[in-house]
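Data block below; observations after.
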Amino acid sequence: MDIAQLRTLVNVAELGSVTAAADRLGIAQPALSRQIRLLESDLGGALFSRHGRGMTLTQLGHRIIGPASDILMRLDDIRRCARDPYTLLVGKVRVGVTPTVAEVATLPLVRAIRTAHPQLSLCFTTGFSGHLVEWLKRGELDCCVSYAVSDGGLVHTVPILDETLWLVAAPGGRLVADTPVSFASLADELMVLPSPTHGLRAILDAAAMQAGIALSASLEVDSLTAMIDLVRAGYGATILPYAPIHARVRAGELIAVPLMNPVPGRRIVMTYPADREISPAARFVGDSFAAVARELVASGNWTGSVIGT
């Protein structure tokens with residue numbers, strides 16, 4: 001067993017094809033096929049099921065894909081530790097962020113990075129969490145801030161915080177600031193919600209099911225800005241993290257109250273590719289985002305529980 005075989009395993013598992021993996025890695029297809037056969041021989045079983053649509057992991061393959069990805073990550077850590085930690089970082093980092101995170105974290109993140117490494121270029125892309133992870137896998141991003149995903153060992157995630165979601169409405173209604181309401185009380189509430197394809201909607205529908213109700217979406221909108229504008233205009237309430245609305249709440253434009261039974265939330269993670277080397281600059285961006293998140297939680301502008309130190 002060697003590193004090349006493990007890298008081949010991870011790429012074939014992600015792409016479902018030796019041909020596609022060979023194109024990505026720049027290695028002849030027969031050589032990649034031989035690496036898979038040698039690895040299967042070493043481990044004593046088939047790692048892939050071959051069929052007309054490509055290749056899928058067997059039970060043995062599913063068991064070892066995670067540890068294989070971890071080994072590749074640790075090798076990257078070794079390379080990173082060998083570099084001079086005081087070297088000024090240069091180049092470009094392509095960073096993916098979700099809209100709610102971009103709203104609150106972009107400015108302090110850029111400020112922190114530019115203060116430490118003024119020559120480092122940043123390219124931000126905003127999108128749904130699932131889209132960001134797919135772009136990361138395809139090599140179009142170097143790292144991304146996403147919500148916890150089931151990655152099957154094809155990406156590496158570092159938990160940052162568990163974010164609390166709040167009920168948000170225009171002032172003057174039945175809601176009283178800092179007074180929690182039960183999730184079940186939303187059964188008859190007109191709601192401005194993201195569409196069913198949005199990850200946030202899945203979380204809210206699961207919480208509603210747990211509370212024994214179904215949310216009534218009077219409007220479905222996947223734009224954060226449009227959603228906030230509609231709520232401010234009185235077209236319904238919504239459920240959002242506190243971070244992107246805290247300034248409007250303090251200005252009296254919106255009211256936000258905690259939800260209970262259940263308390264909806266989601267985990268924010270820093271996500272990196274597991275099949276290729278992560279640059280020191282991308283690592284620094286991830287570390288900087290974790291520090292910014294801690295500061296925003298400490299200031300009360302982002303509600304949730306920070307994970308780790």
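Chain labels follow the order of the structure tokens: the first chain is A, the next B, and so on; residue numbering restarts at 1 in every chain, and ligands are counted from 1 in their shown order.
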
Open item on the list: List as a PyMOL selection string the protein and nucleic acid residues near region 243-251 of chain A, meaning an atom at most 9 Å away when only C-alpha atoms are counted, but skip any in the same chain fewer than 6 places from it.
Closed with: chain A and resi 99-105+168+224+228+296-297+300-303

Please produce a file of the residues just selected, as an mmCIF file, in the first residue's frame, where the atoms kept are all heavy atoms.
```
data_model
loop_
_atom_site.group_PDB
_atom_site.id
_atom_site.type_symbol
_atom_site.label_atom_id
_atom_site.label_comp_id
_atom_site.auth_asym_id
_atom_site.auth_seq_id
_atom_site.Cartn_x
_atom_site.Cartn_y
_atom_site.Cartn_z
ATOM 1 N N PRO A 99 -24.556 32.618 1.768
ATOM 2 C CA PRO A 99 -25.005 34.016 1.842
ATOM 3 C C PRO A 99 -25.091 34.555 3.267
ATOM 4 O O PRO A 99 -24.709 35.705 3.513
ATOM 5 C CB PRO A 99 -26.393 33.970 1.175
ATOM 6 C CG PRO A 99 -26.309 32.817 0.235
ATOM 7 C CD PRO A 99 -25.451 31.791 0.928
ATOM 8 N N THR A 100 -25.604 33.760 4.205
ATOM 9 C CA THR A 100 -25.737 34.268 5.576
ATOM 10 C C THR A 100 -24.375 34.505 6.216
ATOM 11 O O THR A 100 -24.192 35.467 6.965
ATOM 12 C CB THR A 100 -26.554 33.295 6.439
ATOM 13 O OG1 THR A 100 -26.003 31.975 6.326
ATOM 14 C CG2 THR A 100 -28.002 33.259 6.014
ATOM 15 N N VAL A 101 -23.404 33.652 5.907
ATOM 16 C CA VAL A 101 -22.055 33.847 6.440
ATOM 17 C C VAL A 101 -21.392 35.041 5.766
ATOM 18 O O VAL A 101 -20.723 35.859 6.422
ATOM 19 C CB VAL A 101 -21.207 32.577 6.251
ATOM 20 C CG1 VAL A 101 -19.748 32.842 6.596
ATOM 21 C CG2 VAL A 101 -21.744 31.447 7.132
ATOM 22 N N ALA A 102 -21.573 35.175 4.455
ATOM 23 C CA ALA A 102 -20.970 36.295 3.730
ATOM 24 C C ALA A 102 -21.447 37.626 4.284
ATOM 25 O O ALA A 102 -20.676 38.593 4.375
ATOM 26 C CB ALA A 102 -21.312 36.190 2.241
ATOM 27 N N GLU A 103 -22.711 37.682 4.685
ATOM 28 C CA GLU A 103 -23.304 38.924 5.178
ATOM 29 C C GLU A 103 -22.575 39.454 6.408
ATOM 30 O O GLU A 103 -22.363 40.650 6.556
ATOM 31 C CB GLU A 103 -24.782 38.681 5.504
ATOM 32 C CG GLU A 103 -25.552 39.895 5.952
ATOM 33 C CD GLU A 103 -26.061 40.733 4.784
ATOM 34 O OE1 GLU A 103 -25.975 40.266 3.638
ATOM 35 O OE2 GLU A 103 -26.556 41.848 5.042
ATOM 36 N N VAL A 104 -22.143 38.581 7.280
ATOM 37 C CA VAL A 104 -21.586 39.021 8.557
ATOM 38 C C VAL A 104 -20.077 38.870 8.655
ATOM 39 O O VAL A 104 -19.417 39.617 9.376
ATOM 40 C CB VAL A 104 -22.259 38.246 9.723
ATOM 41 C CG1 VAL A 104 -21.872 36.764 9.701
ATOM 42 C CG2 VAL A 104 -21.919 38.877 11.061
ATOM 43 N N ALA A 105 -19.487 37.913 7.926
ATOM 44 C CA ALA A 105 -18.089 37.562 8.170
ATOM 45 C C ALA A 105 -17.100 38.064 7.123
ATOM 46 O O ALA A 105 -15.894 38.069 7.378
ATOM 47 C CB ALA A 105 -17.950 36.046 8.299
ATOM 48 N N VAL A 168 -37.952 35.518 13.059
ATOM 49 C CA VAL A 168 -37.738 36.923 12.698
ATOM 50 C C VAL A 168 -39.014 37.476 12.072
ATOM 51 O O VAL A 168 -39.625 36.830 11.213
ATOM 52 C CB VAL A 168 -36.559 37.054 11.700
ATOM 53 C CG1 VAL A 168 -36.300 38.520 11.379
ATOM 54 C CG2 VAL A 168 -35.309 36.387 12.252
ATOM 55 N N LEU A 224 -31.387 35.862 0.390
ATOM 56 C CA LEU A 224 -31.397 36.349 1.770
ATOM 57 C C LEU A 224 -31.890 37.781 1.837
ATOM 58 O O LEU A 224 -32.731 38.129 2.669
ATOM 59 C CB LEU A 224 -29.999 36.233 2.376
ATOM 60 C CG LEU A 224 -29.820 36.840 3.776
ATOM 61 C CD1 LEU A 224 -30.659 36.083 4.798
ATOM 62 C CD2 LEU A 224 -28.349 36.835 4.170
ATOM 63 N N ILE A 228 -35.354 39.089 3.734
ATOM 64 C CA ILE A 228 -35.365 40.094 4.805
ATOM 65 C C ILE A 228 -36.264 41.267 4.430
ATOM 66 O O ILE A 228 -37.047 41.767 5.259
ATOM 67 C CB ILE A 228 -33.930 40.564 5.100
ATOM 68 C CG1 ILE A 228 -33.129 39.431 5.736
ATOM 69 C CG2 ILE A 228 -33.940 41.786 6.016
ATOM 70 C CD1 ILE A 228 -31.659 39.735 5.915
ATOM 71 N N LEU A 296 -17.127 37.119 16.757
ATOM 72 C CA LEU A 296 -18.515 37.519 16.518
ATOM 73 C C LEU A 296 -19.459 36.905 17.540
ATOM 74 O O LEU A 296 -20.423 37.545 17.967
ATOM 75 C CB LEU A 296 -18.932 37.115 15.095
ATOM 76 C CG LEU A 296 -18.273 37.913 13.962
ATOM 77 C CD1 LEU A 296 -18.595 37.288 12.614
ATOM 78 C CD2 LEU A 296 -18.734 39.365 13.989
ATOM 79 N N VAL A 297 -19.197 35.673 17.954
ATOM 80 C CA VAL A 297 -20.019 35.050 18.996
ATOM 81 C C VAL A 297 -19.806 35.764 20.328
ATOM 82 O O VAL A 297 -20.760 36.046 21.057
ATOM 83 C CB VAL A 297 -19.693 33.545 19.112
ATOM 84 C CG1 VAL A 297 -20.356 32.939 20.359
ATOM 85 C CG2 VAL A 297 -20.155 32.800 17.867
ATOM 86 N N GLY A 300 -21.741 38.926 20.610
ATOM 87 C CA GLY A 300 -23.194 38.796 20.570
ATOM 88 C C GLY A 300 -23.789 38.989 19.196
ATOM 89 O O GLY A 300 -25.017 38.928 19.031
ATOM 90 N N ASN A 301 -22.953 39.201 18.175
ATOM 91 C CA ASN A 301 -23.454 39.408 16.820
ATOM 92 C C ASN A 301 -23.724 38.092 16.082
ATOM 93 O O ASN A 301 -24.293 38.102 14.989
ATOM 94 C CB ASN A 301 -22.454 40.233 16.011
ATOM 95 C CG ASN A 301 -22.363 41.666 16.513
ATOM 96 O OD1 ASN A 301 -23.308 42.167 17.126
ATOM 97 N ND2 ASN A 301 -21.244 42.307 16.288
ATOM 98 N N TRP A 302 -23.277 36.989 16.654
ATOM 99 C CA TRP A 302 -23.527 35.665 16.066
ATOM 100 C C TRP A 302 -23.884 34.739 17.221
ATOM 101 O O TRP A 302 -23.087 34.544 18.135
ATOM 102 C CB TRP A 302 -22.271 35.161 15.353
ATOM 103 C CG TRP A 302 -22.535 34.127 14.285
ATOM 104 C CD1 TRP A 302 -23.661 33.384 14.112
ATOM 105 C CD2 TRP A 302 -21.646 33.790 13.213
ATOM 106 N NE1 TRP A 302 -23.526 32.578 13.017
ATOM 107 C CE2 TRP A 302 -22.306 32.802 12.440
ATOM 108 C CE3 TRP A 302 -20.361 34.183 12.841
ATOM 109 C CZ2 TRP A 302 -21.728 32.228 11.325
ATOM 110 C CZ3 TRP A 302 -19.793 33.612 11.733
ATOM 111 C CH2 TRP A 302 -20.462 32.648 10.978
ATOM 112 N N THR A 303 -25.086 34.199 17.215
ATOM 113 C CA THR A 303 -25.518 33.362 18.333
ATOM 114 C C THR A 303 -25.257 31.905 18.030
ATOM 115 O O THR A 303 -25.564 31.410 16.946
ATOM 116 C CB THR A 303 -27.013 33.562 18.613
ATOM 117 O OG1 THR A 303 -27.764 33.255 17.452
ATOM 118 C CG2 THR A 303 -27.296 34.978 19.050
#
```

Just want the 10 Å neighbourhood of Ala207 (chain A), counted on only C-alpha atoms, with same-chain residues fewer than 3 positions away dropped. Output as an mmCIF file with all heavy atoms, in the first residue's frame.
```
data_model
loop_
_atom_site.group_PDB
_atom_site.id
_atom_site.type_symbol
_atom_site.label_atom_id
_atom_site.label_comp_id
_atom_site.auth_asym_id
_atom_site.auth_seq_id
_atom_site.Cartn_x
_atom_site.Cartn_y
_atom_site.Cartn_z
ATOM 1 N N PHE A 183 -42.011 26.211 18.842
ATOM 2 C CA PHE A 183 -42.047 25.972 17.404
ATOM 3 C C PHE A 183 -43.459 25.615 16.963
ATOM 4 O O PHE A 183 -43.899 25.985 15.874
ATOM 5 C CB PHE A 183 -41.061 24.863 17.027
ATOM 6 C CG PHE A 183 -40.516 24.992 15.638
ATOM 7 C CD1 PHE A 183 -39.240 25.474 15.412
ATOM 8 C CD2 PHE A 183 -41.280 24.637 14.536
ATOM 9 C CE1 PHE A 183 -38.738 25.610 14.128
ATOM 10 C CE2 PHE A 183 -40.789 24.757 13.253
ATOM 11 C CZ PHE A 183 -39.517 25.251 13.049
ATOM 12 N N ALA A 184 -44.188 24.906 17.812
ATOM 13 C CA ALA A 184 -45.545 24.496 17.453
ATOM 14 C C ALA A 184 -46.474 25.678 17.219
ATOM 15 O O ALA A 184 -47.458 25.582 16.479
ATOM 16 C CB ALA A 184 -46.120 23.596 18.550
ATOM 17 N N ARG A 201 -34.204 25.044 4.510
ATOM 18 C CA ARG A 201 -35.598 24.594 4.518
ATOM 19 C C ARG A 201 -35.698 23.179 5.078
ATOM 20 O O ARG A 201 -36.645 22.847 5.824
ATOM 21 C CB ARG A 201 -36.158 24.656 3.100
ATOM 22 C CG ARG A 201 -37.607 24.192 2.980
ATOM 23 C CD ARG A 201 -38.588 25.099 3.747
ATOM 24 N NE ARG A 201 -39.954 24.651 3.525
ATOM 25 C CZ ARG A 201 -40.714 25.046 2.510
ATOM 26 N NH1 ARG A 201 -40.241 25.917 1.612
ATOM 27 N NH2 ARG A 201 -41.938 24.605 2.382
ATOM 28 N N ALA A 202 -34.752 22.333 4.735
ATOM 29 C CA ALA A 202 -34.769 20.962 5.252
ATOM 30 C C ALA A 202 -34.678 20.954 6.769
ATOM 31 O O ALA A 202 -35.350 20.165 7.452
ATOM 32 C CB ALA A 202 -33.629 20.158 4.641
ATOM 33 N N ILE A 203 -33.833 21.834 7.324
ATOM 34 C CA ILE A 203 -33.700 21.924 8.783
ATOM 35 C C ILE A 203 -35.014 22.385 9.406
ATOM 36 O O ILE A 203 -35.473 21.833 10.421
ATOM 37 C CB ILE A 203 -32.557 22.886 9.149
ATOM 38 C CG1 ILE A 203 -31.215 22.297 8.715
ATOM 39 C CG2 ILE A 203 -32.554 23.188 10.653
ATOM 40 C CD1 ILE A 203 -30.053 23.249 8.866
ATOM 41 N N LEU A 204 -35.652 23.388 8.810
ATOM 42 C CA LEU A 204 -36.895 23.932 9.365
ATOM 43 C C LEU A 204 -38.035 22.929 9.261
ATOM 44 O O LEU A 204 -38.841 22.792 10.194
ATOM 45 C CB LEU A 204 -37.251 25.233 8.638
ATOM 46 C CG LEU A 204 -36.197 26.348 8.709
ATOM 47 C CD1 LEU A 204 -36.706 27.596 8.008
ATOM 48 C CD2 LEU A 204 -35.816 26.648 10.153
ATOM 49 N N GLN A 210 -40.782 17.571 14.079
ATOM 50 C CA GLN A 210 -40.543 17.214 15.481
ATOM 51 C C GLN A 210 -41.566 17.885 16.399
ATOM 52 O O GLN A 210 -41.971 17.313 17.422
ATOM 53 C CB GLN A 210 -39.129 17.628 15.875
ATOM 54 C CG GLN A 210 -38.700 17.183 17.271
ATOM 55 C CD GLN A 210 -37.260 17.559 17.580
ATOM 56 O OE1 GLN A 210 -36.471 17.844 16.675
ATOM 57 N NE2 GLN A 210 -36.913 17.568 18.845
ATOM 58 N N ALA A 211 -41.995 19.110 16.017
ATOM 59 C CA ALA A 211 -42.981 19.832 16.824
ATOM 60 C C ALA A 211 -44.409 19.405 16.504
ATOM 61 O O ALA A 211 -45.357 19.868 17.154
ATOM 62 C CB ALA A 211 -42.838 21.331 16.597
ATOM 63 N N GLY A 212 -44.583 18.530 15.515
ATOM 64 C CA GLY A 212 -45.911 18.038 15.177
ATOM 65 C C GLY A 212 -46.739 18.972 14.326
ATOM 66 O O GLY A 212 -47.972 18.912 14.345
ATOM 67 N N ILE A 213 -46.064 19.853 13.542
ATOM 68 C CA ILE A 213 -46.783 20.794 12.690
ATOM 69 C C ILE A 213 -46.180 20.770 11.296
ATOM 70 O O ILE A 213 -45.174 20.107 11.050
ATOM 71 C CB ILE A 213 -46.720 22.240 13.241
ATOM 72 C CG1 ILE A 213 -45.258 22.749 13.213
ATOM 73 C CG2 ILE A 213 -47.298 22.317 14.648
ATOM 74 C CD1 ILE A 213 -45.135 24.242 13.426
ATOM 75 N N ALA A 214 -46.789 21.521 10.390
ATOM 76 C CA ALA A 214 -46.222 21.771 9.063
ATOM 77 C C ALA A 214 -46.175 23.280 8.861
ATOM 78 O O ALA A 214 -47.154 23.982 9.150
ATOM 79 C CB ALA A 214 -47.059 21.113 7.971
ATOM 80 N N LEU A 215 -45.045 23.796 8.415
ATOM 81 C CA LEU A 215 -44.918 25.227 8.174
ATOM 82 C C LEU A 215 -45.671 25.604 6.906
ATOM 83 O O LEU A 215 -45.651 24.888 5.913
ATOM 84 C CB LEU A 215 -43.445 25.615 8.035
ATOM 85 C CG LEU A 215 -42.584 25.450 9.292
ATOM 86 C CD1 LEU A 215 -41.129 25.751 8.969
ATOM 87 C CD2 LEU A 215 -43.077 26.350 10.414
ATOM 88 N N MET A 260 -38.211 27.417 20.703
ATOM 89 C CA MET A 260 -37.967 26.318 21.626
ATOM 90 C C MET A 260 -38.873 25.140 21.266
ATOM 91 O O MET A 260 -39.900 25.296 20.612
ATOM 92 C CB MET A 260 -38.207 26.759 23.078
ATOM 93 C CG MET A 260 -39.574 27.368 23.340
ATOM 94 S SD MET A 260 -39.759 28.055 24.992
ATOM 95 C CE MET A 260 -39.633 26.573 25.978
ATOM 96 N N ASN A 261 -38.432 23.971 21.707
ATOM 97 C CA ASN A 261 -39.211 22.725 21.535
ATOM 98 C C ASN A 261 -39.603 22.440 20.086
ATOM 99 O O ASN A 261 -40.802 22.334 19.775
ATOM 100 C CB ASN A 261 -40.464 22.755 22.420
ATOM 101 C CG ASN A 261 -40.136 22.880 23.879
ATOM 102 O OD1 ASN A 261 -39.162 22.323 24.368
ATOM 103 N ND2 ASN A 261 -40.942 23.650 24.589
ATOM 104 N N PRO A 262 -38.645 22.252 19.154
ATOM 105 C CA PRO A 262 -37.199 22.251 19.373
ATOM 106 C C PRO A 262 -36.567 23.610 19.092
ATOM 107 O O PRO A 262 -37.214 24.506 18.553
ATOM 108 C CB PRO A 262 -36.714 21.229 18.334
ATOM 109 C CG PRO A 262 -37.651 21.458 17.187
ATOM 110 C CD PRO A 262 -39.005 21.747 17.812
ATOM 111 N N VAL A 263 -35.280 23.719 19.460
ATOM 112 C CA VAL A 263 -34.479 24.883 19.093
ATOM 113 C C VAL A 263 -33.766 24.556 17.777
ATOM 114 O O VAL A 263 -32.892 23.692 17.747
ATOM 115 C CB VAL A 263 -33.437 25.215 20.185
ATOM 116 C CG1 VAL A 263 -32.580 26.398 19.757
ATOM 117 C CG2 VAL A 263 -34.127 25.501 21.516
ATOM 118 N N PRO A 264 -34.140 25.192 16.668
ATOM 119 C CA PRO A 264 -33.497 24.858 15.392
ATOM 120 C C PRO A 264 -32.076 25.408 15.326
ATOM 121 O O PRO A 264 -31.776 26.476 15.878
ATOM 122 C CB PRO A 264 -34.402 25.529 14.354
ATOM 123 C CG PRO A 264 -35.007 26.684 15.092
ATOM 124 C CD PRO A 264 -35.181 26.236 16.522
ATOM 125 N N GLY A 265 -31.213 24.686 14.650
ATOM 126 C CA GLY A 265 -29.837 25.138 14.503
ATOM 127 C C GLY A 265 -29.130 24.345 13.431
ATOM 128 O O GLY A 265 -29.683 23.386 12.868
#
```

With the cut-off set at 9 Å and counting only C-alpha atoms, tabulate each residue of region 37-75 of chain A with an atom at most that distance from an atom of region 140-164 of chain A, showing the nearest atom pair and its distance in Å to one decimal, ordered by chain and increasing number, as a tab-separated table.
```
residue	atom	partner	partner_atom	distance
A:His62	CA	A:Gly152	CA	7.8
A:Ile65	CA	A:Gly153	CA	5.8
A:Gly66	CA	A:Gly153	CA	4.4
A:Pro67	CA	A:Gly153	CA	7.9
A:Ala68	CA	A:Gly153	CA	8.0
A:Ser69	CA	A:Gly153	CA	5.8
A:Asp70	CA	A:His156	CA	7.9
A:Met73	CA	A:His156	CA	7.8
```

Residues from last step as file, N, CA, C and O atoms, as an mmCIF file, in the first residue's frame:
```cif
data_model
loop_
_atom_site.group_PDB
_atom_site.id
_atom_site.type_symbol
_atom_site.label_atom_id
_atom_site.label_comp_id
_atom_site.auth_asym_id
_atom_site.auth_seq_id
_atom_site.Cartn_x
_atom_site.Cartn_y
_atom_site.Cartn_z
ATOM 1 N N HIS A 62 -16.183 1.440 1.386
ATOM 2 C CA HIS A 62 -16.783 2.441 2.276
ATOM 3 C C HIS A 62 -16.066 2.479 3.630
ATOM 4 O O HIS A 62 -15.931 3.554 4.240
ATOM 5 N N ILE A 65 -12.449 4.341 2.965
ATOM 6 C CA ILE A 65 -12.312 5.627 2.285
ATOM 7 C C ILE A 65 -12.048 6.760 3.274
ATOM 8 O O ILE A 65 -11.267 7.673 3.005
ATOM 9 N N GLY A 66 -12.707 6.700 4.454
ATOM 10 C CA GLY A 66 -12.483 7.736 5.452
ATOM 11 C C GLY A 66 -11.057 7.748 5.971
ATOM 12 O O GLY A 66 -10.383 8.788 5.941
ATOM 13 N N PRO A 67 -10.547 6.597 6.472
ATOM 14 C CA PRO A 67 -9.153 6.566 6.914
ATOM 15 C C PRO A 67 -8.158 6.932 5.809
ATOM 16 O O PRO A 67 -7.146 7.579 6.082
ATOM 17 N N ALA A 68 -8.436 6.543 4.570
ATOM 18 C CA ALA A 68 -7.540 6.894 3.468
ATOM 19 C C ALA A 68 -7.487 8.405 3.281
ATOM 20 O O ALA A 68 -6.407 8.986 3.089
ATOM 21 N N SER A 69 -8.651 9.056 3.349
ATOM 22 C CA SER A 69 -8.686 10.517 3.226
ATOM 23 C C SER A 69 -7.948 11.178 4.383
ATOM 24 O O SER A 69 -7.248 12.178 4.197
ATOM 25 N N ASP A 70 -8.106 10.613 5.589
ATOM 26 C CA ASP A 70 -7.396 11.170 6.750
ATOM 27 C C ASP A 70 -5.888 11.084 6.578
ATOM 28 O O ASP A 70 -5.150 12.001 6.953
ATOM 29 N N MET A 73 -4.744 13.817 4.386
ATOM 30 C CA MET A 73 -4.774 15.087 5.119
ATOM 31 C C MET A 73 -3.565 15.226 6.037
ATOM 32 O O MET A 73 -2.960 16.292 6.145
#
```

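Proximity to Leu132 (chain A) was assessed for A:Ala112, A:Gly16, A:Thr271, A:Ser305 counting only C-alpha atoms; the smallest distance is recorded for A:Thr271.
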
Task: Å distance separating CA of Leu259 (chain A) from CA of Leu193 (chain A), one decimal place - done: 15.8 Å

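Using only C-alpha atoms, the contacts of region 31-46 of chain A at a cut-off of 9 Å, with sequence neighbours closer than 3 positions omitted, comprise Met1, Asp2, Ala4, Gln5, Leu6, Thr8, Leu9, Val18, Thr19, Ala21, Ala22, Ile27, Ala28, Ser49, Leu57, Thr58, Gln59, Leu60 and Gly61 of chain A.
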
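Residue nearest Trp166 (chain A), chosen from A:Thr238, A:Thr197, A:Thr126, A:Gln119 and counting only C-alpha atoms: A:Thr238.
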
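In terms of minimum interatomic distance to Val110 (chain A), A:Val95 ranks closest within A:Pro171, A:Leu165, A:Val95, A:Gln29, counting only C-alpha atoms.
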
- [ ] Could you find all residues in region 44-216 of chain A that DSSP calls helix (DSSP H, G or I) from the backbone, and write them as number ranges by chain?
- [x] A: 59-82, 99-116, 129-137, 183-188, 199-211

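If you measure from each of A:Ser223, A:Met270, A:Ala256, A:Ser218 to Ala282 (chain A) using only C-alpha atoms, the closest one turns out to be A:Met270.
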
TODO: Could you jot down the CA of Pro194 (chain A) to CA of Ile239 (chain A) separation for me, Å, one decimal place?
DONE: 9.5 Å

Open item on the list: Residues within 10 Å of Arg53 (chain A), please, as a VMD selection string. Count only C-alpha atoms; anything in the same chain fewer than 3 positions from it doesn't count.
Closed with: chain A and resid 16 to 17 50 56

Writer output for current selection, C-alpha atoms, as a PDB file, in the first residue's frame:
```pdb
ATOM      1  CA  GLY A  16     -17.007   6.982 -10.132  1.00  0.00           C
ATOM      2  CA  SER A  17     -14.689   6.334 -13.059  1.00  0.00           C
ATOM      3  CA  ARG A  50     -17.891  -2.363 -11.643  1.00  0.00           C
ATOM      4  CA  THR A  56     -19.147   2.403  -6.823  1.00  0.00           C
TER       5      THR A  56
END
```

Open item on the list: Please report the interatomic distance between CA of Asp229 (chain A) and CA of Phe128 (chain A) in Å with one decimal.
Closed with: 19.7 Å
